[in-house]
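Structure record follows, encoded as C-alpha cells.
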Amino acid sequence: MVMAGGGFRFGIYLGMYEALRQSGRAPDLLLASCGGAIAATIIRNLPDDDARRAWLTSPEMYRFWCGLKSTRRANLALTLLRAARRRLSKSPAPLIPDLFTDYLFEIPPQLPFPPEPATPTVDVAILGGRLLFGPADVGQPRAGRKLYAETVFCGARAAALLDGIASPLSDPRWGDHAVAPELRTDTGVPAAAAARISIADMLYFRCQPYGGHEYIGGVVDLFPVEIARRLAAEVVLEFKEAFEQTFSIPAWRSVLGLDGNARLRHANSHLADIRIDSSDVSATLARQQLQQKLDWRRNRIELTMPADHATFAQHMQDQWRYGYERGMEACARPPRQQPTVRVASPHSARWSGG
C-alpha cells in the first residue's frame, strides 16, 4: 500500500488500512512518504486498530502538534513575495535552494511514536532524499547539477528487491529536474527516524539531519508508484486531488525542478489493484487538520491547533472515518476499476507532504 503524502490529514491512512484489513486485503508492506510515513509507523508499531486510534487521538499527539512554532522566516509579506517570485520563474530549480534556514515552522525534535515492537506485523519502506549539497552551495546556479539522491529507508527484503534499480525520476519524461538518477536504500535507519526525515517538507520545515547527512522529505518522490510495483505483486494506490497552482506547484518547480501535477497525473493513471478515491479530502475534511492563520496585523503566518484536546480527538476520528469509508468503497469495487473523481478542486493541503 502506497501512503503518499497526506500532510496533516495522515489519520486517513489508519482508516484505509483498517478497511483493507477487515476486507481480507491487509498489505504486508507500507510504502510511505511525508505525512503517510507517520501513519505507516503507527500501524507498524501498534498491534490493532483500537490501539492505533487511541494513539492517533492521544494527548501526546495533541501536545506534539501544539509544539509547532513559526520561525522568523514566517513573515507574511516576505513569504508572499517569495511565492510570487517562484511562480513567475518557469525554470526548473535554477538555483541551489536554502533548505537549512529558509523554512516557516519549527517542529519538535521527536515525533510521538509508540515503542517499536519486537516483531512488527507489517513492514514499512519510507521515502526521503539525501542532500547532495551543503550550506556553502546555497544560492549558486544549479546548472544541471543533481541535488537530491532518492532514498528508501526499509528492511533487508525490500532493499534486495530494489537493488540496482534507477530512480523513477530518471525517465527523461520528467525533464531537467534536480533528483539524481540512482535510487538508494538504507536498512540502518529506525522507522521513527525515517518518518521524521520524510516529513521534512521543503519551505515548511528544515531539512532533517541524520547520520552525518541532511535529508529533504518524501516530497522528493511523493508518488512512488514504480517502486511499489517493484516491491509487490498487488498494489493499493489512492486517487488523489490536484495540487493548487499558486504555492505548491511553483515550490515543486523551484526546489525540485519537477511538475508536481504531471507526476500526480502519472500516478493517478498508474494501474492499481485497489484504488482508494481521496480526491475530495480537502472539501470533506476542510477543518480537520492544522490550519494556517494569516495574521495581517502582526505580518505573520501561524499554525493553529484545535482549542482543546477533545476537539483535536474528534478531528482525528473524522480523518480515520473518512479513510475507512473510502477504503471500504474501494474494496467493494471490482479489481482494478478506476474511481470517478468526486470533485474537481484546484486546492489541496498546503503541506503537500505536503
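Quick note on naming: the chains in the C-alpha cells go A, B, ... in the order shown, residues restart at 1 in each chain, and ligands are numbered from 1 in order of appearance.
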
Original post:
Within 6 Å of Gly11 in chain A, counting only C-alpha atoms, which residues qualify if same-chain residues fewer than 3 places away don't, as a PyMOL selection string?
Top reply: chain A and resi 14+319-320

Keeping N, CA, C and O atoms for every residue in the selection just given, could you write it to a file as a PDB file, in the first residue's frame?
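File out16.pdb, as written:
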```
ATOM      1  N   LEU A  14      -4.824   5.414   8.530  1.00  0.00           N
ATOM      2  CA  LEU A  14      -5.143   4.388   9.510  1.00  0.00           C
ATOM      3  C   LEU A  14      -6.520   3.794   9.228  1.00  0.00           C
ATOM      4  O   LEU A  14      -6.727   2.582   9.359  1.00  0.00           O
ATOM      5  N   GLN A 319     -10.899  12.017  10.486  1.00  0.00           N
ATOM      6  CA  GLN A 319      -9.928  11.575   9.481  1.00  0.00           C
ATOM      7  C   GLN A 319      -9.970  10.055   9.329  1.00  0.00           C
ATOM      8  O   GLN A 319     -10.006   9.532   8.209  1.00  0.00           O
ATOM      9  N   TRP A 320      -9.931   9.351  10.462  1.00  0.00           N
ATOM     10  CA  TRP A 320      -9.953   7.886  10.416  1.00  0.00           C
ATOM     11  C   TRP A 320     -11.209   7.396   9.698  1.00  0.00           C
ATOM     12  O   TRP A 320     -11.148   6.506   8.851  1.00  0.00           O
TER      13      TRP A 320
END
```

Subject >> DSSP-assigned strand (DSSP E or B) among range 77-198 of chain A, expressed as a VMD selection string >> reply: chain A and resid 95 105 to 106 123 to 131 141 148 to 153 166 179 182 184 to 186

Subject >> Contact residues around Ala4 in chain A with only C-alpha atoms at 12 Å, ignoring same-chain residues under 4 positions, as a PyMOL selection string >> reply: chain A and resi 9-10+12-13+30-40+125-127+198-199+217-225+228+236-241+264+267-268+276+278+352-354

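Candidate residues A:Ala77, A:Met316, A:Tyr322, A:Gly175 were compared for distance to Arg52 in chain A, and the nearest is A:Met316, using only C-alpha atoms.
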
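Those residues that approach Glu302 in chain A to within 6 Å, counting only C-alpha atoms, are Ser70, Gln292 and Lys293 of chain A; same-chain residues fewer than 3 positions away are not listed.
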
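Note that the spacing between CA of Pro92 in chain A and CA of His177 in chain A amounts to 6.1 Å.
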
Original post:
Which of range 7-136 of chain A counts as helix (DSSP H, G or I) under DSSP, as a PyMOL selection string please?
Top reply: chain A and resi 7-9+11-22+35-45+49-56+59-66+76-88+135-136
